[in-house]
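Next comes start-v1.txt, a file with compact mmCIF, C-alpha atoms.
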# COMPACT_ATOMS: atom_id res chain seq x y z
CA MET A 23 8.05 14.57 5.43
CA LYS A 24 5.69 11.94 6.87
CA ILE A 25 3.30 10.44 4.33
CA LEU A 26 0.26 8.46 5.46
CA LEU A 27 -0.73 6.09 2.67
CA ASP A 28 -4.42 5.28 2.50
CA THR A 29 -5.61 1.90 1.28
CA HIS A 30 -5.92 2.62 -2.42
CA ILE A 31 -2.60 4.50 -2.64
CA TRP A 32 -0.82 1.66 -0.81
CA LEU A 33 -2.38 -0.94 -3.10
CA TRP A 34 -1.75 1.11 -6.23
CA TYR A 35 1.86 1.68 -5.24
CA SER A 36 2.37 -2.00 -4.41
CA LEU A 37 0.41 -3.52 -7.30
CA ASP A 38 0.01 -0.98 -10.11
CA SER A 39 2.11 2.15 -9.71
CA GLU A 40 0.96 3.50 -13.09
CA ARG A 41 -2.24 4.69 -11.39
CA ILE A 42 -0.30 7.06 -9.10
CA SER A 43 0.72 10.52 -10.27
CA SER A 44 4.41 10.96 -10.93
CA GLU A 45 4.56 13.68 -8.26
CA LEU A 46 3.19 11.36 -5.56
CA LEU A 47 5.32 8.45 -6.74
CA THR A 48 8.41 10.64 -6.44
CA LYS A 49 7.45 11.58 -2.87
CA ILE A 50 6.79 7.95 -1.92
CA MET A 51 10.11 6.81 -3.34
CA ASP A 52 12.09 9.64 -1.69
CA THR A 53 14.10 8.00 1.10
CA GLN A 54 14.00 11.29 3.03
CA ASN A 55 10.26 10.79 3.57
CA GLU A 56 8.69 8.47 6.15
CA LEU A 57 5.90 6.24 4.90
CA TRP A 58 3.12 5.52 7.37
CA LEU A 59 0.33 3.00 7.10
CA SER A 60 -2.80 2.79 9.21
CA PRO A 61 -3.78 -0.57 10.73
CA ILE A 62 -7.18 0.02 9.09
CA THR A 63 -5.47 -0.11 5.70
CA VAL A 64 -4.13 -3.59 6.48
CA TRP A 65 -7.60 -4.68 7.62
CA GLU A 66 -9.23 -3.23 4.49
CA THR A 67 -6.69 -5.03 2.32
CA LEU A 68 -7.51 -8.34 4.02
CA LEU A 69 -11.22 -7.73 3.44
CA LEU A 70 -10.72 -6.78 -0.21
CA SER A 71 -8.72 -9.95 -0.78
CA GLU A 72 -11.25 -12.08 1.08
CA LYS A 73 -14.10 -10.69 -1.04
CA GLY A 74 -12.14 -11.20 -4.27
CA ARG A 75 -12.03 -7.47 -5.02
CA ILE A 76 -8.23 -7.55 -5.37
CA SER A 77 -5.96 -10.31 -6.57
CA LEU A 78 -2.68 -10.81 -4.73
CA GLU A 79 0.22 -13.02 -5.81
CA THR A 80 0.21 -14.96 -2.53
CA ASP A 81 -1.96 -15.43 0.54
CA ALA A 82 -3.15 -12.00 1.76
CA VAL A 83 -1.37 -12.21 5.13
CA GLU A 84 1.88 -13.28 3.48
CA TRP A 85 1.55 -10.54 0.83
CA ILE A 86 0.97 -7.89 3.51
CA ASN A 87 3.98 -9.08 5.52
CA GLN A 88 6.22 -9.07 2.43
CA THR A 89 4.99 -5.65 1.34
CA LEU A 90 5.47 -4.13 4.80
CA LYS A 91 9.04 -5.43 4.92
CA ALA A 92 9.73 -3.77 1.57
CA PHE A 93 8.86 -0.38 3.06

How does this structure look as structure tokens?
Amino acid sequence: MKILLDTHIWLWYSLDSERISSELLTKIMDTQNELWLSPITVWETLLLSEKGRISLETDAVEWINQTLKAF
């Protein structure tokens, strides 16, 4: 199955997985499924970080690169 993660699901999964239902978390973690991410999600994440709406452990660009590699 192909799963397109929107911005809040991607951030919740990457930062605070307790906010995601166990059913969705199971689907995301299933290696049989393909995870897809829109370029808009990356852009929105950069904006959220820039505006201080989210707090990332590192620079936003570095965090995005690290997170994408983990997928």

Which centre and which edge lengths, in Å to one decimal, describe the axis-aligned box that holds all listed atoms of stretch 55-58 of chain A after 3 Å is added on each side, as lines of an AutoDock Vina configuration file?
center_x = 6.7
center_y = 8.2
center_z = 5.5
size_x = 13.1
size_y = 11.3
size_z = 9.8

Distance criterion (all atoms listed in the file): nearest to A:Trp34 out of A:Ile62, A:Ala92, A:Leu57, A:Ile76: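 Among A:Ile62, A:Ala92, A:Leu57, A:Ile76, it is A:Ile76 that comes nearest to A:Trp34.
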
Residues at most 8 Å from A:Lys24, counting only C-alpha atoms, excluding those fewer than 2 positions away in the same chain, as a short mmCIF file (atom, residue, chain, number, x, y, z; two decimals) with C-alpha atoms, keeping the file's coordinate frame?
data_model
loop_
_atom_site.label_atom_id
_atom_site.label_comp_id
_atom_site.auth_asym_id
_atom_site.auth_seq_id
_atom_site.Cartn_x
_atom_site.Cartn_y
_atom_site.Cartn_z
CA LEU A 26 0.26 8.46 5.46
CA ASN A 55 10.26 10.79 3.57
CA GLU A 56 8.69 8.47 6.15
CA LEU A 57 5.90 6.24 4.90
CA TRP A 58 3.12 5.52 7.37
#

Figure out the distance between atom CA of A:Lys49 and atom CA of A:Leu78, please, to one decimal in Å.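 That distance, rounded to one decimal, is 24.6 Å.
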
Can you list, as a ChimeraX atom specification, every protein, DNA or RNA residue that comes within 12 Å of A:Ile31 when you count only C-alpha atoms, leaving out same-chain residues fewer than 3 positions away? /A:25-28,34-43,46-47,50,57-60,63,67

Which distance in Å separates atom CA of A:Glu72 and atom CA of A:Ile86, to one decimal? 13.1 Å

Computed interatomic separation between atom CA of A:Met51 and atom CA of A:Gly74 (Å):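 So the answer is 28.6 Å.
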
Nearest-residue call for A:Asp52, choices A:Phe93, A:Thr29, A:Glu84, A:Lys73, using all atoms listed in the file: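 Nearest candidate to A:Asp52 out of A:Phe93, A:Thr29, A:Glu84, A:Lys73: A:Phe93.
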
When you get a chance, write out all heavy atoms for stretch 58-69 of chain A, as an mmCIF file, in the coordinates of the input.
data_model
loop_
_atom_site.group_PDB
_atom_site.id
_atom_site.type_symbol
_atom_site.label_atom_id
_atom_site.label_comp_id
_atom_site.auth_asym_id
_atom_site.auth_seq_id
_atom_site.Cartn_x
_atom_site.Cartn_y
_atom_site.Cartn_z
ATOM 1 N N TRP A 58 3.940 6.004 6.277
ATOM 2 C CA TRP A 58 3.120 5.520 7.370
ATOM 3 C C TRP A 58 1.919 4.789 6.794
ATOM 4 O O TRP A 58 1.426 5.125 5.713
ATOM 5 C CB TRP A 58 2.648 6.686 8.233
ATOM 6 C CG TRP A 58 3.733 7.305 9.035
ATOM 7 C CD1 TRP A 58 4.792 8.039 8.559
ATOM 8 C CD2 TRP A 58 3.903 7.238 10.438
ATOM 9 N NE1 TRP A 58 5.589 8.433 9.595
ATOM 10 C CE2 TRP A 58 5.063 7.970 10.758
ATOM 11 C CE3 TRP A 58 3.177 6.650 11.460
ATOM 12 C CZ2 TRP A 58 5.513 8.106 12.058
ATOM 13 C CZ3 TRP A 58 3.625 6.808 12.754
ATOM 14 C CH2 TRP A 58 4.777 7.517 13.040
ATOM 15 N N LEU A 59 1.463 3.799 7.527
ATOM 16 C CA LEU A 59 0.330 3.000 7.100
ATOM 17 C C LEU A 59 -0.576 2.758 8.303
ATOM 18 O O LEU A 59 -0.110 2.339 9.361
ATOM 19 C CB LEU A 59 0.837 1.660 6.547
ATOM 20 C CG LEU A 59 -0.094 0.850 5.693
ATOM 21 C CD1 LEU A 59 -0.477 1.594 4.427
ATOM 22 C CD2 LEU A 59 0.552 -0.468 5.338
ATOM 23 N N SER A 60 -1.843 3.001 8.128
ATOM 24 C CA SER A 60 -2.800 2.790 9.210
ATOM 25 C C SER A 60 -3.127 1.306 9.340
ATOM 26 O O SER A 60 -3.198 0.591 8.329
ATOM 27 C CB SER A 60 -4.086 3.563 8.896
ATOM 28 O OG SER A 60 -5.128 3.167 9.748
ATOM 29 N N PRO A 61 -3.340 0.823 10.555
ATOM 30 C CA PRO A 61 -3.780 -0.570 10.730
ATOM 31 C C PRO A 61 -5.096 -0.848 9.986
ATOM 32 O O PRO A 61 -5.322 -1.962 9.531
ATOM 33 C CB PRO A 61 -3.977 -0.717 12.240
ATOM 34 C CG PRO A 61 -3.123 0.347 12.840
ATOM 35 C CD PRO A 61 -3.117 1.479 11.851
ATOM 36 N N ILE A 62 -5.924 0.177 9.829
ATOM 37 C CA ILE A 62 -7.180 0.020 9.090
ATOM 38 C C ILE A 62 -6.902 -0.341 7.638
ATOM 39 O O ILE A 62 -7.634 -1.122 7.028
ATOM 40 C CB ILE A 62 -8.048 1.297 9.188
ATOM 41 C CG1 ILE A 62 -8.484 1.551 10.625
ATOM 42 C CG2 ILE A 62 -9.242 1.241 8.258
ATOM 43 C CD1 ILE A 62 -9.335 0.452 11.249
ATOM 44 N N THR A 63 -5.840 0.208 7.077
ATOM 45 C CA THR A 63 -5.470 -0.110 5.700
ATOM 46 C C THR A 63 -5.148 -1.589 5.552
ATOM 47 O O THR A 63 -5.546 -2.226 4.570
ATOM 48 C CB THR A 63 -4.272 0.762 5.262
ATOM 49 O OG1 THR A 63 -4.692 2.123 5.263
ATOM 50 C CG2 THR A 63 -3.761 0.375 3.894
ATOM 51 N N VAL A 64 -4.444 -2.151 6.511
ATOM 52 C CA VAL A 64 -4.130 -3.590 6.480
ATOM 53 C C VAL A 64 -5.424 -4.385 6.566
ATOM 54 O O VAL A 64 -5.640 -5.332 5.799
ATOM 55 C CB VAL A 64 -3.160 -3.957 7.621
ATOM 56 C CG1 VAL A 64 -2.945 -5.456 7.688
ATOM 57 C CG2 VAL A 64 -1.834 -3.226 7.446
ATOM 58 N N TRP A 65 -6.306 -3.993 7.464
ATOM 59 C CA TRP A 65 -7.600 -4.680 7.620
ATOM 60 C C TRP A 65 -8.419 -4.593 6.339
ATOM 61 O O TRP A 65 -8.985 -5.590 5.883
ATOM 62 C CB TRP A 65 -8.343 -4.062 8.805
ATOM 63 C CG TRP A 65 -9.706 -4.604 9.019
ATOM 64 C CD1 TRP A 65 -10.045 -5.809 9.558
ATOM 65 C CD2 TRP A 65 -10.939 -3.962 8.700
ATOM 66 N NE1 TRP A 65 -11.409 -5.941 9.599
ATOM 67 C CE2 TRP A 65 -11.980 -4.822 9.086
ATOM 68 C CE3 TRP A 65 -11.248 -2.722 8.137
ATOM 69 C CZ2 TRP A 65 -13.321 -4.499 8.904
ATOM 70 C CZ3 TRP A 65 -12.577 -2.400 7.964
ATOM 71 C CH2 TRP A 65 -13.592 -3.273 8.344
ATOM 72 N N GLU A 66 -8.477 -3.394 5.740
ATOM 73 C CA GLU A 66 -9.230 -3.230 4.490
ATOM 74 C C GLU A 66 -8.647 -4.088 3.378
ATOM 75 O O GLU A 66 -9.390 -4.666 2.574
ATOM 76 C CB GLU A 66 -9.240 -1.766 4.064
ATOM 77 C CG GLU A 66 -10.120 -0.894 4.907
ATOM 78 C CD GLU A 66 -10.076 0.574 4.518
ATOM 79 O OE1 GLU A 66 -9.058 1.033 3.941
ATOM 80 O OE2 GLU A 66 -11.065 1.254 4.804
ATOM 81 N N THR A 67 -7.337 -4.204 3.333
ATOM 82 C CA THR A 67 -6.690 -5.030 2.320
ATOM 83 C C THR A 67 -7.068 -6.500 2.500
ATOM 84 O O THR A 67 -7.361 -7.198 1.524
ATOM 85 C CB THR A 67 -5.159 -4.850 2.371
ATOM 86 O OG1 THR A 67 -4.861 -3.469 2.155
ATOM 87 C CG2 THR A 67 -4.457 -5.702 1.338
ATOM 88 N N LEU A 68 -7.079 -6.961 3.747
ATOM 89 C CA LEU A 68 -7.510 -8.340 4.020
ATOM 90 C C LEU A 68 -8.948 -8.561 3.560
ATOM 91 O O LEU A 68 -9.262 -9.584 2.938
ATOM 92 C CB LEU A 68 -7.371 -8.656 5.502
ATOM 93 C CG LEU A 68 -5.953 -8.816 6.022
ATOM 94 C CD1 LEU A 68 -5.944 -8.869 7.542
ATOM 95 C CD2 LEU A 68 -5.301 -10.054 5.440
ATOM 96 N N LEU A 69 -9.828 -7.604 3.860
ATOM 97 C CA LEU A 69 -11.220 -7.730 3.440
ATOM 98 C C LEU A 69 -11.367 -7.727 1.916
ATOM 99 O O LEU A 69 -12.128 -8.521 1.363
ATOM 100 C CB LEU A 69 -12.068 -6.592 4.027
ATOM 101 C CG LEU A 69 -12.391 -6.661 5.498
ATOM 102 C CD1 LEU A 69 -13.225 -5.451 5.914
ATOM 103 C CD2 LEU A 69 -13.131 -7.937 5.841
#
